[in-house]
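**Q** Enclosed is the structure file model-v8.cif (mmCIF, C-alpha atoms).
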```
data_target
#
loop_
_atom_site.group_PDB
_atom_site.id
_atom_site.type_symbol
_atom_site.label_atom_id
_atom_site.label_comp_id
_atom_site.auth_asym_id
_atom_site.auth_seq_id
_atom_site.Cartn_x
_atom_site.Cartn_y
_atom_site.Cartn_z
ATOM 1 C CA MET A 1 60.685 -31.934 -2.004
ATOM 2 C CA GLN A 2 63.639 -30.278 -0.358
ATOM 3 C CA ALA A 3 66.259 -31.912 1.842
ATOM 4 C CA ILE A 4 66.422 -30.555 5.381
ATOM 5 C CA THR A 5 69.948 -30.444 6.829
ATOM 6 C CA ASN A 6 72.099 -28.662 9.395
ATOM 7 C CA ARG A 7 69.515 -28.633 12.147
ATOM 8 C CA GLN A 8 70.802 -28.111 15.680
ATOM 9 C CA GLY A 9 69.681 -31.004 17.914
ATOM 10 C CA GLN A 10 66.231 -32.477 18.192
ATOM 11 C CA GLY A 11 63.044 -30.663 17.430
ATOM 12 C CA TRP A 12 60.344 -30.132 14.858
ATOM 13 C CA ALA A 13 61.615 -29.876 11.285
ATOM 14 C CA THR A 14 59.521 -28.614 8.388
ATOM 15 C CA VAL A 15 59.743 -31.301 5.710
ATOM 16 C CA CYS A 16 57.188 -30.324 3.064
ATOM 17 C CA GLY A 17 53.948 -28.554 2.387
ATOM 18 C CA ARG A 18 50.511 -30.123 2.717
ATOM 19 C CA ALA A 19 50.148 -29.815 -1.068
ATOM 20 C CA ASP A 20 53.228 -32.060 -1.542
ATOM 21 C CA LEU A 21 51.435 -35.024 0.067
ATOM 22 C CA VAL A 22 49.564 -37.592 -1.990
ATOM 23 C CA ALA A 23 46.370 -38.883 -0.366
ATOM 24 C CA ASN A 24 46.458 -42.570 0.617
ATOM 25 C CA SER A 25 50.037 -42.870 -0.589
ATOM 26 C CA GLY A 26 53.592 -42.134 0.436
ATOM 27 C CA VAL A 27 56.144 -39.437 -0.321
ATOM 28 C CA VAL A 28 59.733 -39.336 0.910
ATOM 29 C CA SER A 29 61.706 -36.481 2.404
ATOM 30 C CA LEU A 30 65.382 -36.370 3.360
ATOM 31 C CA VAL A 31 65.791 -34.987 6.885
ATOM 32 C CA ASP A 32 69.303 -34.728 8.351
ATOM 33 C CA GLY A 33 70.465 -37.514 6.060
ATOM 34 C CA VAL A 34 67.569 -39.817 6.976
ATOM 35 C CA GLN A 35 64.940 -40.811 4.418
ATOM 36 C CA VAL A 36 61.507 -40.381 6.029
ATOM 37 C CA ALA A 37 58.424 -41.822 4.305
ATOM 38 C CA LEU A 38 55.300 -39.736 4.927
ATOM 39 C CA PHE A 39 51.845 -41.270 4.549
ATOM 40 C CA TYR A 40 48.731 -39.097 4.466
ATOM 41 C CA LEU A 41 45.302 -40.640 4.986
ATOM 42 C CA PRO A 42 42.718 -37.887 4.529
ATOM 43 C CA ASP A 43 39.990 -39.777 6.432
ATOM 44 C CA GLY A 44 40.499 -38.303 9.873
ATOM 45 C CA GLU A 45 43.509 -36.265 8.681
ATOM 46 C CA GLN A 46 45.916 -39.051 9.692
ATOM 47 C CA LEU A 47 49.604 -38.506 9.023
ATOM 48 C CA PHE A 48 52.446 -40.975 9.635
ATOM 49 C CA ALA A 49 56.244 -40.707 9.379
ATOM 50 C CA VAL A 50 58.229 -43.942 9.113
ATOM 51 C CA GLU A 51 61.699 -45.007 8.035
ATOM 52 C CA ASN A 52 61.950 -45.411 4.258
ATOM 53 C CA ARG A 53 64.501 -48.253 4.437
ATOM 54 C CA ASP A 54 63.039 -51.765 4.165
ATOM 55 C CA PRO A 55 64.843 -53.848 6.834
ATOM 56 C CA LEU A 56 64.515 -57.098 4.830
ATOM 57 C CA SER A 57 65.868 -55.907 1.474
ATOM 58 C CA GLY A 58 67.891 -52.899 2.650
ATOM 59 C CA ALA A 59 66.359 -50.832 -0.147
ATOM 60 C CA ASN A 60 64.862 -47.371 0.405
ATOM 61 C CA VAL A 61 61.399 -48.245 -0.932
ATOM 62 C CA ILE A 62 58.827 -48.094 1.897
ATOM 63 C CA GLY A 63 57.473 -44.766 0.609
ATOM 64 C CA ARG A 64 56.468 -46.608 -2.583
ATOM 65 C CA GLY A 65 54.477 -49.222 -0.651
ATOM 66 C CA ILE A 66 50.732 -49.765 -0.803
ATOM 67 C CA VAL A 67 48.685 -48.455 2.133
ATOM 68 C CA GLY A 68 45.951 -50.695 3.471
ATOM 69 C CA SER A 69 44.450 -52.347 6.512
ATOM 70 C CA VAL A 70 45.187 -55.784 7.981
ATOM 71 C CA ALA A 71 43.131 -57.020 10.934
ATOM 72 C CA GLY A 72 42.133 -53.438 11.732
ATOM 73 C CA ASP A 73 45.696 -52.060 11.649
ATOM 74 C CA LEU A 74 46.701 -49.396 9.128
ATOM 75 C CA VAL A 75 49.722 -50.779 7.278
ATOM 76 C CA VAL A 76 52.069 -50.196 4.387
ATOM 77 C CA ALA A 77 53.081 -53.222 2.298
ATOM 78 C CA ALA A 78 56.762 -53.186 1.401
ATOM 79 C CA PRO A 79 57.109 -53.166 -2.392
ATOM 80 C CA LEU A 80 59.747 -55.896 -2.703
ATOM 81 C CA TYR A 81 58.813 -58.708 -0.291
ATOM 82 C CA LYS A 82 55.275 -57.531 0.559
ATOM 83 C CA GLN A 83 55.675 -57.673 4.330
ATOM 84 C CA HIS A 84 53.242 -55.384 6.191
ATOM 85 C CA PHE A 85 54.375 -52.682 8.618
ATOM 86 C CA ARG A 86 51.964 -50.949 10.987
ATOM 87 C CA LEU A 87 52.024 -47.234 10.322
ATOM 88 C CA GLN A 88 51.349 -46.463 13.995
ATOM 89 C CA ASP A 89 54.450 -48.126 15.463
ATOM 90 C CA GLY A 90 56.514 -49.599 12.584
ATOM 91 C CA THR A 91 56.050 -53.230 13.656
ATOM 92 C CA CYS A 92 56.134 -55.858 10.915
ATOM 93 C CA LEU A 93 53.107 -58.174 11.103
ATOM 94 C CA GLU A 94 54.831 -61.151 9.476
ATOM 95 C CA TYR A 95 58.285 -60.763 11.060
ATOM 96 C CA PRO A 96 58.029 -59.039 14.469
ATOM 97 C CA GLU A 97 61.834 -58.769 14.685
ATOM 98 C CA GLN A 98 61.716 -56.347 11.736
ATOM 99 C CA THR A 99 60.658 -52.812 12.559
ATOM 100 C CA LEU A 100 60.649 -49.394 10.979
ATOM 101 C CA GLN A 101 61.608 -46.357 12.994
ATOM 102 C CA VAL A 102 58.676 -43.986 13.415
ATOM 103 C CA TRP A 103 58.651 -40.292 14.260
ATOM 104 C CA PRO A 104 56.013 -37.907 15.572
ATOM 105 C CA VAL A 105 54.583 -35.913 12.684
ATOM 106 C CA ARG A 106 52.058 -33.094 12.502
ATOM 107 C CA PHE A 107 50.447 -30.466 10.354
ATOM 108 C CA ASN A 108 51.366 -26.918 11.314
ATOM 109 C CA ARG A 109 48.934 -24.959 9.178
ATOM 110 C CA ASP A 110 49.912 -25.865 5.613
ATOM 111 C CA VAL A 111 53.285 -27.446 6.356
ATOM 112 C CA VAL A 112 54.257 -30.913 7.559
ATOM 113 C CA GLU A 113 56.666 -31.162 10.481
ATOM 114 C CA VAL A 114 58.538 -34.225 11.754
ATOM 115 C CA TYR A 115 60.114 -34.413 15.211
ATOM 116 C CA LEU A 116 63.653 -35.779 15.010
#
```
For the structure just supplied, provide its representation as structure tokens.
**A**
Amino acid sequence: MQAITNRQGQGWATVCGRADLVANSGVVSLVDGVQVALFYLPDGEQLFAVENRDPLSGANVIGRGIVGSVAGDLVVAAPLYKQHFRLQDGTCLEYPEQTLQVWPVRFNRDVVEVYL
């Protein structure tokens, strides 16, 4: 995947192609110096963009987490300490004071765009 830099202000940034995504898993893109983890769930064409940095460990590993469901919420389990973050809003189920930043994300034909 390519790094996206030198954008002027906020707006939609093309981060990758649809073919770069891995179903039911995460991939990471660097956008303006920020690592964004993208999760694609093909059931219902759901797409999520969350911060790749794990707030507990400080490591950039969220994109390597396991996608699942806890109490009806779609989550990603952080690889190191296994805490669960809701993909919808970045809230940690076990430690509510920990959150991941989330961004609007969309498909624009065959490309993925994140709003930063």
**Q** Between A:Ser57, A:Asn108, A:Ser29, A:Gln46, which has the minimum distance to A:Leu87 (counting only C-alpha atoms)?
**A** A:Gln46
**Q** Write out as a PyMOL selection string the residues lying within 12 Å of stretch 67-76 of chain A, counting only C-alpha atoms and excluding same-chain residues fewer than 4 positions away.
**A** chain A and resi 22-27+37-41+46-52+54+61-63+80-94+100
**Q** Between A:Tyr95, A:Gln10, A:Gly17, A:Leu56, single out the one closest to A:Arg109, counting only C-alpha atoms.
**A** A:Gly17
**Q** Have a look at atom CA of A:Leu30 and atom CA of A:Asn60 and let me know their distance in Å, one decimal.
**A** 11.4 Å
**Q** Hey, can I get the axis-aligned box for stretch 78-84 of chain A? All listed atoms, 8 Å padding on each side, centre and edge lengths in Å to one decimal, as JSON.
**A**
```
{"center_x": 56.5, "center_y": -55.9, "center_z": 1.7, "size_x": 22.5, "size_y": 21.5, "size_z": 24.9}
```
**Q** Enter the distance from atom CA of A:Trp12 to atom CA of A:Gly65, in Å, rounded to one decimal.
**A** 25.3 Å
**Q** So which one's closest to A:Arg106, A:Ala13, A:Ala59, A:Ala77, A:Asp20? Using only C-alpha atoms, please.
**A**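 Result for the nearest residue to A:Arg106: A:Ala13.
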**Q** Atom CA of A:Ile66 and atom CA of A:Val111, how far apart in Å?
**A** 23.6 Å
**Q** Using the chain letters and numbering of this document, enumerate as a count of residues only the residues selected by the PyMOL selection byres ((chain A and resi 11) around 12).
**A** 16
**Q** With distances taken over only C-alpha atoms, which residue among A:Ala78, A:Gly44, A:Pro55, A:Arg64 lies nearest A:Val28?
**A**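 Among A:Ala78, A:Gly44, A:Pro55, A:Arg64, it is A:Arg64 that comes nearest to A:Val28.
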**Q** List the neighbours of A:Arg18 out to 8 Å using all atoms listed in the file; skip same-chain residues closer than 6 positions along the sequence, and give me the result as a PDB file with C-alpha atoms, keeping the file's coordinate frame.
**A**
```pdb
ATOM      1  CA  PHE A 107      50.447 -30.466  10.354  1.00  0.00           C
ATOM      2  CA  ASP A 110      49.912 -25.865   5.613  1.00  0.00           C
ATOM      3  CA  VAL A 111      53.285 -27.446   6.356  1.00  0.00           C
ATOM      4  CA  VAL A 112      54.257 -30.913   7.559  1.00  0.00           C
TER       5      VAL A 112
END
```
**Q** Using only C-alpha atoms, pick whichever of A:Val36, A:Asp43, A:Val102, A:Pro96 has the shortest atom-to-atom distance to A:Cys16.
**A**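 Comparing A:Val36, A:Asp43, A:Val102, A:Pro96 against A:Cys16, the winner is A:Val36.
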